[in-house]
Amino acid sequence: MKHTHGEGVLVLALLACLSACANTVDDTIGPTISREVRSDPAPSSSGAERAALTRIARLVAEAMDNEPARQHLKRDLRAAPFREHKLALSSYLHSKDGGALLERIVALNGGVERDLFDMLTSIRPLELYMPVAKHRESWTGSADVLVVSQLDESEPIVAFDQTGRQIVLDRNGPPAQPTLSIVPAETRFDQPMDAKTSRNVRDQNGSAIGTLEPIVLKASKVIACDADCGGDDGSGSGSVGGGSAPPEIPPGLYLEFSRILDMKEPWFRGDPEIEVHIQGPSTVSAPTYGEDLSCSGEHAYDYRKVFDQNGGFWEGRVMLFSPDETVAFVNKFTQGFHVLFWEDDNEPCVLKLDTNTLVELLRSTATAAGTVALKVFPGATVPVLAAAFIGTFFANAGAWMLTNDDFLGAAVDQASAGYFYPGNTHVIMDGTRLNGRATIVYRQ
């Protein structure tokens with residue numbers, strides 16, 4: 001998915017004008033959306049939680065032998081306002097929309113609804129969806145659907161067919177049969193895509209689930225306007241908007257291209273959630289203690305830092321470090337900071353990792369490439385240089401800081417690392433392993 005951010009205000013203004021005539025997903029609101037904030041599961045051993053998830057997966061698979069349950073589920077998946085049409089499983093089964101699936105599952109589980117919800121309560125929040133785009137865009141509700149589940153990414157996957165028979169699937173590649181996935185929730189269900197600026201595509205004219213995508217405006221279609229956008233620019237030429245000069249790019253450190261080789265997200269977990277973090281010291285008294293200084297990603301808190309990479313390639317312009325952040329940093333520190341790429345499986349823009357794991361990865365990269373950080377000099381002819389800062393990511397890390405977040409690599413000056421990719425400035429190094437390339441520049 002491609003997003004550009006240099007034209008932010010203009011794109012928003014033009015979207016407002018075009019939304020009325022765009023082919024939007026006015027039929028994609030569908031089932032009631034859960035606004036609940038994700039919470040920790042009720043206390044249970046991991047073994048008990050795993051067994052409960054396996055039981056839920058088997059019940060959903062067996063429920064797929066029921067035509068009404070399948071068709072209602074397909075309809076409600078299609079109506080879920082998220083790119084991959086995900087449903088929060090517990091909320092969905094509690095809703096009126098999930099009644100057909102709930103009725104079938106309860107019947108298969110002995111007929112007591114309370115027992116089913118008690119079982120769901122013993123598991124961390126789950127999401128239900130069809131993660132493989134080819135499946136999602138071709139399945140029209142037929143009975144040949146499988147269900148796969150996994151509690152933690154390090155564990156084997158468990159899958160069932162509609163007879164309840166456990167089957168073996170390859171975790172390295174999806175089967176030909178359409179497959180539903182039940183995994184711990186990664187989605188912010190309180191942040192649905194805007195129906196006015198999104199449309200469902202490749203859905204077999206409404207017969208399949210499809211994929212929800214934003215309406216992307218081509219930069220060549222954007223016209224720069226004066227305050228009133230009302231005609232003559234005052235020059236007597238009759239031109240609109242005062243000419244065709246492109247909008248200025250605000251100063252800052254930007255990511256403009258990203259190619260990631262291994263995103264560490266298996267097929268049954270759907271699209272990756274790529275984030276780019278700036279990590280470095282925050283106080284002069286602890287110049288080697290690294291903190292999370294900035295986050296850019298799909299759910300970044302600063303709108304200038306929002307981007308969404310859903311595949312191996314991304315190209316556009318997204319801010320990583322604002323000019324104010326950059327100046328404040330270089331006025332205090334001389335060793336530079338890390339630009340780290342992550343695949344987020346937990347709370348967006350919040351990283352939790354065992355200290356030694358990250359430090360050793362960065363140290364091995366620095367040993368191999370001679371650098372593992374960036375230094376920015378606003379106003380200089382060459383504003384981005386290599387640096388050697390290696391910071392401790394967290395102090396006093398405990399077991400609670402262990403995470404499913406996957407470290408993808410650190411941005412390293414490509415010449416220092418011995419690589420040359422025309423048009424790129426950095427490579428992404430996961431320890432000593434090349435895991436991609438990027439273009440990171442300071443605009444001024």
# chains A, B, ... in the order shown; residues from 1 in each chain; ligands from 1

$ residues_around --residues "Glu113 (chain A)" --least-positions-apart "4" --cutoff "12 Å" --atoms "only C-alpha atoms" --output "number ranges by chain"
A: 93-94, 99, 101-109, 117-120

$ atom_distance --atom1 "CA of Gln150 (chain A)" --atom2 "CA of Gly98 (chain A)"
22.1 Å

$ residues_around --residues "His72 (chain A)" --least-positions-apart "2" --cutoff "10 Å" --atoms "only C-alpha atoms" --output "list in words"
Glu67, Pro68, Ala69, Arg70, Lys74, Arg75, Asp76, Leu77, Arg78, Asp97, Gly98, Gly99, Ala100, Leu101 and Gly141 of chain A

$ residues_around --residues "Gly311 (chain A)" --least-positions-apart "6" --cutoff "10 Å" --atoms "only C-alpha atoms" --output "ChimeraX atom specification"
/A:1-2,258-261,263,271-274

$ write_last_selection --atoms "all heavy atoms" --output "CSV table (one decimal), in the first residue's frame"
chain,number,residue,atom,x,y,z
A,1,MET,N,0.8,-1.2,0.0
A,1,MET,CA,0.0,0.0,0.0
A,1,MET,C,0.9,1.2,0.0
A,1,MET,O,1.8,1.3,0.7
A,1,MET,CB,-0.9,0.0,1.2
A,1,MET,CG,-1.9,1.2,1.3
A,1,MET,SD,-2.8,1.1,2.8
A,1,MET,CE,-3.6,-0.5,2.7
A,2,LYS,N,0.6,2.2,-0.8
A,2,LYS,CA,1.4,3.4,-0.9
A,2,LYS,C,0.7,4.6,-0.3
A,2,LYS,O,-0.4,4.9,-0.6
A,2,LYS,CB,1.7,3.6,-2.4
A,2,LYS,CG,2.7,4.8,-2.6
A,2,LYS,CD,2.9,5.1,-4.0
A,2,LYS,CE,3.6,4.0,-4.7
A,2,LYS,NZ,4.0,4.3,-6.1
A,258,SER,N,11.0,1.8,1.4
A,258,SER,CA,11.3,0.7,2.3
A,258,SER,C,11.1,-0.6,1.6
A,258,SER,O,10.1,-0.8,1.0
A,258,SER,CB,10.5,0.8,3.6
A,258,SER,OG,10.6,-0.4,4.3
A,259,ARG,N,12.1,-1.4,1.6
A,259,ARG,CA,12.1,-2.8,1.1
A,259,ARG,C,12.5,-3.7,2.2
A,259,ARG,O,13.7,-3.7,2.6
A,259,ARG,CB,12.9,-2.9,-0.2
A,259,ARG,CG,13.2,-4.4,-0.6
A,259,ARG,CD,12.0,-5.1,-1.0
A,259,ARG,NE,12.2,-6.4,-1.6
A,259,ARG,CZ,11.6,-7.5,-1.4
A,259,ARG,NH1,10.7,-7.5,-0.5
A,259,ARG,NH2,11.9,-8.6,-2.1
A,260,ILE,N,11.6,-4.5,2.7
A,260,ILE,CA,11.9,-5.5,3.7
A,260,ILE,C,11.8,-6.9,3.2
A,260,ILE,O,10.8,-7.3,2.6
A,260,ILE,CB,11.0,-5.3,4.9
A,260,ILE,CG1,11.1,-3.8,5.5
A,260,ILE,CG2,11.3,-6.3,6.0
A,260,ILE,CD1,10.1,-3.5,6.6
A,261,LEU,N,12.9,-7.6,3.4
A,261,LEU,CA,12.9,-9.0,2.8
A,261,LEU,C,12.1,-10.0,3.7
A,261,LEU,O,11.4,-10.8,3.1
A,261,LEU,CB,14.4,-9.5,2.7
A,261,LEU,CG,15.3,-8.6,1.8
A,261,LEU,CD1,16.7,-9.1,1.9
A,261,LEU,CD2,14.8,-8.6,0.4
A,263,MET,N,9.6,-10.0,6.8
A,263,MET,CA,8.7,-9.2,7.7
A,263,MET,C,8.3,-10.0,8.9
A,263,MET,O,7.6,-9.5,9.8
A,263,MET,CB,7.5,-8.7,6.9
A,263,MET,CG,7.9,-7.6,5.9
A,263,MET,SD,6.5,-7.0,5.0
A,263,MET,CE,6.1,-8.5,4.0
A,271,ASP,N,-1.5,-9.4,7.2
A,271,ASP,CA,-0.6,-8.4,6.8
A,271,ASP,C,0.3,-8.0,8.0
A,271,ASP,O,-0.2,-8.0,9.2
A,271,ASP,CB,-1.4,-7.1,6.3
A,271,ASP,CG,-2.0,-7.4,5.0
A,271,ASP,OD1,-1.6,-8.3,4.3
A,271,ASP,OD2,-2.9,-6.6,4.6
A,272,PRO,N,1.5,-7.6,7.8
A,272,PRO,CA,2.4,-7.1,8.8
A,272,PRO,C,2.0,-5.7,9.3
A,272,PRO,O,1.3,-5.0,8.5
A,272,PRO,CB,3.8,-7.1,8.2
A,272,PRO,CG,3.5,-6.9,6.7
A,272,PRO,CD,2.2,-7.6,6.5
A,273,GLU,N,2.4,-5.4,10.5
A,273,GLU,CA,2.2,-4.0,11.0
A,273,GLU,C,3.6,-3.4,11.2
A,273,GLU,O,4.2,-3.5,12.2
A,273,GLU,CB,1.4,-4.0,12.3
A,273,GLU,CG,-0.1,-4.4,12.2
A,273,GLU,CD,-0.3,-5.9,12.0
A,273,GLU,OE1,0.5,-6.7,12.6
A,273,GLU,OE2,-1.1,-6.3,11.2
A,274,ILE,N,4.1,-2.8,10.1
A,274,ILE,CA,5.5,-2.2,10.2
A,274,ILE,C,5.5,-0.9,10.9
A,274,ILE,O,4.7,0.0,10.6
A,274,ILE,CB,6.0,-2.1,8.8
A,274,ILE,CG1,6.0,-3.4,8.0
A,274,ILE,CG2,7.5,-1.6,8.8
A,274,ILE,CD1,6.7,-4.6,8.7

$ select_by_dssp --residues "region 68-292 of chain A" --states "alpha helix (DSSP H)" --output "count of residues only"
41

$ residues_around --residues "Phe407 (chain A)" --least-positions-apart "4" --cutoff "9 Å" --atoms "only C-alpha atoms" --output "list in words"
Lys264, Leu340, Phe341, Trp342, Glu343, Asp344, Leu358 and Asp430 of chain A

$ closest_residue --among "A:Leu126, A:Val201, A:Ala208, A:Ala328" --to "Ile56 (chain A)" --atoms "only C-alpha atoms"
A:Leu126

$ residues_around --residues "Ser207 (chain A)" --least-positions-apart "3" --cutoff "7 Å" --atoms "only C-alpha atoms" --output "NGL selection string"
:A and (140 or 203-204)

$ closest_atom_pairs --of "region 266-334 of chain A" --to "region 171-191 of chain A" --cutoff "7 Å" --atoms "only C-alpha atoms" --output "JSON lines"
{"residue": "A:Pro266", "atom": "CA", "partner": "A:Asn172", "partner_atom": "CA", "distance": 6.8}
{"residue": "A:Trp267", "atom": "CA", "partner": "A:Pro174", "partner_atom": "CA", "distance": 6.4}
{"residue": "A:Phe268", "atom": "CA", "partner": "A:Ser181", "partner_atom": "CA", "distance": 6.1}

$ atom_distance --atom1 "CA of Leu59 (chain A)" --atom2 "CA of Ala143 (chain A)"
14.6 Å

$ atom_distance --atom1 "CA of Arg58 (chain A)" --atom2 "CA of Leu89 (chain A)"
14.2 Å
